[in-house]
Structures are given as structure tokens and as C-alpha cells.
Amino acid sequence: MSAAIAAGRAVLGIELGSTRIKACLIDPDDPTVVLAVGSSDWENRFEDRVWTYSLETVWAGLQAAYADLVADVQSRHGVALDTVGAIGVSAMMHGYLAFDGTGELLVPFRTWRNTSTGPAAAELTELFGVNIPLRWSIAHLYQAVLDDEPHVPEVRFITTLAGYVHGRLTGRRVLGVGDASGMFPIDAATKTYDERMLRQFDGLVDGSALNGGLGVAGLLPEVLRAGEAAGELTAEGAALLDPAGALRPGAVFCPPEGDAGTGMVATSSVAPRTGNVSAGTSIFAMVVLERPLESLHHEIDLVTTPAGDPVAMVHCNNGASELAAWVAMFTRFAAASGAPLGADAVFDALFREALDGAPDAGGLLAYNHLAGEPIAGLSEGRPLFVRTPDSTLNLANFMRAQLYGVFGTLALGMRVLAAEGVMLERMFAHGGMFRTAGVAQRFLAGALAAPVSVAETASEGGAWGIAVLAAYTSNSHDLALDAYLRDRVFATAAFETVAPDPADVVGFATYLDRYAAGLAVERAAVASL
């Protein structure tokens, strides 16, 4: 393993998540072998009613995560890392990064979490005949046009966070098709932007200040599929990632991807009738389709795998952040009581307590809405814990309600797919909340009424997934992506699969009915607080 690092053949994956930037170095010959990791914490800010990250924090976090990885390589292998064979960059999908002709950012980065694009999304949905979610880049761009924002005449390029970082490191304005599918609709046949819809959009903004009428296609990144080379690390990019100056240029890059695509790769769920759930700050399900959906559904986004195959996505803006806030409070209680516990130990204890809760959480309800939630019809979020006088309030029911709450809005969207007749052979899951074996996984199986599998690599998440895509680009052109994952990456992988407990299925269905009815309380809270 050290020889691969010393020879400059190791593969680097970097993912910018909502709360952590993570770097993962893998063996090029056996991508399941993680050679080293590094990370850096960061957090979005709510400024002028916009969820954002500054570009300065992007690079500070990337440099810190890479430096942490370099230190881990030295500690584990006694090797000074100065080059790698291939690199991949992944990040949160969607949002709005708009640049002028000189490459200067025109307005602060608007992340996926913003829900201020309602008029634009509604008009584009009607025009295109496909659902355009609030967080998609084209919705942000058109909303800026509708609002006559001063920066619109200067827009010459828009991209996602992964596309931005990739561009600075390689000099190329490209994007993986999975991430691109969260910017503008993709044609399933051509696996690039839909030409008809591009023309429709150009007609819609004709006469506006946008781009002088040059056309939206010129504003979007070039679309590439998994396996295609997407540039090389430049000298400027190497210095940007590693200010210490040790990193040499030349590493090949795979197309930059979104966190949804890397989650699919990390769980080997890129073939039809497979799907995965990724749980973090947000939570979303990706289901690879065998056939087109019969109807337009506002709860369902149509995106693609990194290979360009159609996917139904149920995306929820709110995931495990509210759960983590409650765990932090219990962690502080343990310290205040004189018996301090680490956060991981508190998570484990509380999760296991939830197993003793009533199947329907004893009549308790937990809403995890820190931000707006389109599927639930919420423009803003108000986290709530609600019970009636005859509910059974105890720790086990409380924690089960909190875990159910993470899956609540997701389950509403999955009901829509079930009504469409979409079939699943197995659902894969990844994210930190699945590290406590047999708890969140079991409850998710009950929520979906389907088996849920977790792989040993699940905790490595998207940084590992994009590293696998980089390895695929560098040495596996003879295999389709699904075959590469099945035969070379996951051939001997261990999966723990949990079948749905019938009592959990019935209990969660009862909880979800109550949850759906109680959304009126959420809406009242948004209006009143």
C-alpha cells in the first residue's frame, strides 16, 4: 500500500459536505482499501436571508482537509505525499454560483438550502413539463431574472460547488452528468442538457438582460459522464490545494460530481431497481428507474446517475441536524452530571434506547425542519417536538420519534413513487447516523417497507465514492460503471441487510399519518414565530 503512494498511483477523493470537507485516499488496484483520510469542519451561514458559504472558507477548508490527509499518510505509511494518480471532487448539488467574464463571483453562493425561487420554479415546471425544484441552478438563475437583480447582465457562467472547485484546480469548466442534472434537465437519450428545453428557456428570457441573448447553453458547464477524463491538476491548482508546495501537478481528474451521485457509487446503486438513501444535513433517496414516470410529481426530481441513467430523487432539505442538536444537549447533560461521555457514546446510547420505544413512538411527533421543506409545503423551517396529553413521553419514545422525524418527509415522497409502481429490490443507506448498527437502518426499513443494506464502506461516504469514480476514470474504461462497481469494487464487499419488521412498518405508517396531519402546526409556527 505504501508503494502505491510513493509511486504516485494512489487516488484522491474530496467531498465538500454540508458540515465537513473530507479527503479520502484509496488504493488504485483495490478501491475498497482506504489508505488515509483527512477532514475539516465548516458550517453554512444565514446572511441577508440567504444560506451561503464564502469562497474563502471553501479554500481554507479544502486546504485544511488536504493537510490533515497528508499528516495521516505520514503517520500510517511513513511517506511524504507529493503526488497522486487521479483526483475527484464532489460537493453539495444544486444552488447558484454565478461568475462574470473575468471569473469573479457576482453574488454570494446560494446553496441548495435556499427556498426563495418559488415563482421561477413554478413557471419553469409549467414551461418544460418536468418538475424544476426550488434548489436547481436554473431556478435560481431565472428567479434572478424575474427579480431584475443588478448582477444578471454580467452573468457569463454558472456552476455548482463541485464544478467551481474542479475548475480552479484544472482550468476546465465541466461537470459530471449527475451534478449537471441538478442544474438543468438532462435528455435521457443524449445524456446532456435537453435541447428543446434550452430553446424554451432562451425564448422565455429573450429581451431580458441575461447574457445579451447569447443563450443559456453558453452559461452552463460542459457535461461529461463517468469514465471520461476531465482535465489534469495544474500547477496553480496544486498550489491552491497544497500551499505547502509539496503537491506536484499532473494528476488526472474524473468529472466533478454531486453528493447524490457519489452516494450512489458508495452504495453500488447505479443499476435499475436499486436505490440508496443518504442521510446527513439533508436526506434524500435516489431510485434508478426502469421506465419513465407516468406523471409529473412536485415531490420527485428527475436526475441521473454519474453514467447518465435516469433517477427519481426524493430530496429533503432537512436531515439529521436537529437530531444531532438534541444529542448535543444530552451530551452536555452527561458532562453537567459529572459523568461526561463522548458524542459517539451518547449517540450509541440514545439510539439503542430508541429500540425500546413503541412502534408508533408513543404518540410523539418530531419535526426536523431547520430550513424550508418543499415536499412538506414549508417555505421556512421551525423545528418542533409535539405531543398530546395522552402521549407516552419517555426517553425511548422520544428518541424513536426523533429518528422517525429524520425519515418523515422522505417517506412522504417515497409514497408517491410507490403509487407510480416503482419497484425496489433493495435500498442501500449511508451516512453517519447508520454507524450504530441495527437502529436507524431498522427504522428506515420500517419507513420504506423494504430491506435496507449498509456496506462496510458506508461511513466513508461521498469522499470515498468520488475517489472510486476517479479510479474508474484512470484505469477501467473496459467496463460500464455498474459492472465496475459490481465486479471490481463490491465483489467481496460485506453488506448488512435488515428486513422490515412488520410492527415497525405498521407503527411508522401510524406515525407518518399523524406527522402529515401535524404539518399544519409547522405551517402555523412559520407564520407565527
# chains A, B, ... in the order shown; residues from 1 in each chain; ligands from 1
call {"tool": "residues_around", "arguments": {"residues": "Val311 of chain A", "least_positions_apart": "6", "cutoff": "6 Å", "atoms": "only C-alpha atoms", "output": "list in words"}}
result
Val287, Val288, Leu289, Leu302, Val303 and Thr304 of chain A
call {"tool": "residues_around", "arguments": {"residues": "Glu228 of chain A", "least_positions_apart": "4", "cutoff": "12 Å", "atoms": "only C-alpha atoms", "output": "PyMOL selection string"}}
result
chain A and resi 88+174-177+223-224+252-256+306-307+469-477+480-481
call {"tool": "select_by_dssp", "arguments": {"residues": "segment 289-507 of chain A", "states": "strand (DSSP E)", "output": "VMD selection string"}}
result
chain A and resid 301 to 304 310 to 316 365 to 367 384 to 386 426 to 430 452 to 455 495 to 498
call {"tool": "write_last_selection", "arguments": {"atoms": "C-alpha atoms", "output": "JSON list (two decimals), in the first residue's frame"}}
result
[["chain", "number", "residue", "atom", "x", "y", "z"],
["A", 301, "ASP", "CA", -36.87, 15.28, -9.08],
["A", 302, "LEU", "CA", -35.67, 13.61, -12.27],
["A", 303, "VAL", "CA", -31.88, 13.45, -12.22],
["A", 304, "THR", "CA", -29.27, 10.90, -13.37],
["A", 310, "PRO", "CA", -32.46, 8.30, -15.21],
["A", 311, "VAL", "CA", -33.08, 8.51, -11.48],
["A", 312, "ALA", "CA", -36.05, 9.55, -9.36],
["A", 313, "MET", "CA", -34.81, 11.65, -6.47],
["A", 314, "VAL", "CA", -36.73, 12.45, -3.31],
["A", 315, "HIS", "CA", -34.77, 15.30, -1.77],
["A", 316, "CYS", "CA", -35.47, 16.75, 1.67],
["A", 365, "LEU", "CA", -44.00, 13.80, 16.91],
["A", 366, "ALA", "CA", -40.66, 15.36, 15.94],
["A", 367, "TYR", "CA", -40.24, 17.82, 13.08],
["A", 384, "LEU", "CA", -40.79, 21.27, 16.74],
["A", 385, "PHE", "CA", -41.38, 18.49, 19.22],
["A", 386, "VAL", "CA", -45.10, 17.90, 19.72],
["A", 426, "ARG", "CA", -33.08, -3.40, -2.11],
["A", 427, "MET", "CA", -32.38, 0.00, -0.64],
["A", 428, "PHE", "CA", -28.85, 0.92, 0.39],
["A", 429, "ALA", "CA", -28.09, 3.51, 3.04],
["A", 430, "HIS", "CA", -25.09, 5.55, 4.07],
["A", 452, "VAL", "CA", -32.16, -1.77, 3.79],
["A", 453, "SER", "CA", -28.49, -2.65, 3.36],
["A", 454, "VAL", "CA", -25.44, -0.89, 4.77],
["A", 455, "ALA", "CA", -21.94, -1.61, 3.47],
["A", 495, "PHE", "CA", -23.37, -5.80, 3.42],
["A", 496, "GLU", "CA", -25.54, -5.96, 6.49],
["A", 497, "THR", "CA", -29.16, -6.19, 5.37],
["A", 498, "VAL", "CA", -32.14, -5.62, 7.64]]
call {"tool": "residues_around", "arguments": {"residues": "Val73 of chain A", "least_positions_apart": "2", "cutoff": "9 Å", "atoms": "only C-alpha atoms", "output": "list in words"}}
result
Ser2, Ile5, Leu25, Leu35, Ala36, Val37, Asp68, Leu69, Val70, Ala71, Ser75, Arg76, His77, Gly78, Val79, Ala80 and Leu81 of chain A
call {"tool": "write_last_selection", "arguments": {"atoms": "C-alpha atoms", "output": "PDB file, in the first residue's frame"}}
result
ATOM      1  CA  SER A   2       2.815   2.427   0.820  1.00  0.00           C
ATOM      2  CA  ILE A   5       1.505   6.124  -2.506  1.00  0.00           C
ATOM      3  CA  LEU A  25      -7.011   8.340  -0.380  1.00  0.00           C
ATOM      4  CA  LEU A  35      -5.091   4.418   2.696  1.00  0.00           C
ATOM      5  CA  ALA A  36      -5.661   7.670   4.572  1.00  0.00           C
ATOM      6  CA  VAL A  37      -8.308  10.264   5.377  1.00  0.00           C
ATOM      7  CA  ASP A  68      -4.924  16.525   7.546  1.00  0.00           C
ATOM      8  CA  LEU A  69      -4.799  13.762   4.933  1.00  0.00           C
ATOM      9  CA  VAL A  70      -1.084  14.396   4.265  1.00  0.00           C
ATOM     10  CA  ALA A  71      -0.415  14.059   8.001  1.00  0.00           C
ATOM     11  CA  SER A  75       1.554   8.730  10.269  1.00  0.00           C
ATOM     12  CA  ARG A  76       0.231   5.495   8.752  1.00  0.00           C
ATOM     13  CA  HIS A  77       2.749   4.835   5.999  1.00  0.00           C
ATOM     14  CA  GLY A  78       5.821   6.942   6.695  1.00  0.00           C
ATOM     15  CA  VAL A  79       5.545   8.504   3.242  1.00  0.00           C
ATOM     16  CA  ALA A  80       5.557  12.183   2.334  1.00  0.00           C
ATOM     17  CA  LEU A  81       2.652  12.613  -0.090  1.00  0.00           C
TER      18      LEU A  81
END
call {"tool": "atom_distance", "arguments": {"atom1": "atom CA of Ala64 of chain A", "atom2": "atom CA of Ser40 of chain A"}}
result
5.9 Å
call {"tool": "atom_distance", "arguments": {"atom1": "atom CA of Val327 of chain A", "atom2": "atom CA of Glu43 of chain A"}}
result
18.0 Å
call {"tool": "atom_distance", "arguments": {"atom1": "atom CA of Asn317 of chain A", "atom2": "atom CA of Ser282 of chain A"}}
result
4.8 Å
call {"tool": "closest_atom_pairs", "arguments": {"of": "segment 117-181 of chain A", "to": "segment 185-190 of chain A", "cutoff": "10 Å", "atoms": "only C-alpha atoms", "output": "JSON lines"}}
result
{"residue": "A:Phe128", "atom": "CA", "partner": "A:Pro185", "partner_atom": "CA", "distance": 8.9}
{"residue": "A:Val130", "atom": "CA", "partner": "A:Pro185", "partner_atom": "CA", "distance": 8.2}
{"residue": "A:Asn131", "atom": "CA", "partner": "A:Pro185", "partner_atom": "CA", "distance": 9.2}
{"residue": "A:Ile132", "atom": "CA", "partner": "A:Pro185", "partner_atom": "CA", "distance": 8.2}
{"residue": "A:Trp136", "atom": "CA", "partner": "A:Pro185", "partner_atom": "CA", "distance": 9.6}
{"residue": "A:Ile138", "atom": "CA", "partner": "A:Pro185", "partner_atom": "CA", "distance": 9.1}
{"residue": "A:Val177", "atom": "CA", "partner": "A:Ile186", "partner_atom": "CA", "distance": 8.0}
{"residue": "A:Gly178", "atom": "CA", "partner": "A:Ile186", "partner_atom": "CA", "distance": 9.1}
{"residue": "A:Ala180", "atom": "CA", "partner": "A:Ile186", "partner_atom": "CA", "distance": 7.8}
{"residue": "A:Ser181", "atom": "CA", "partner": "A:Pro185", "partner_atom": "CA", "distance": 5.6}
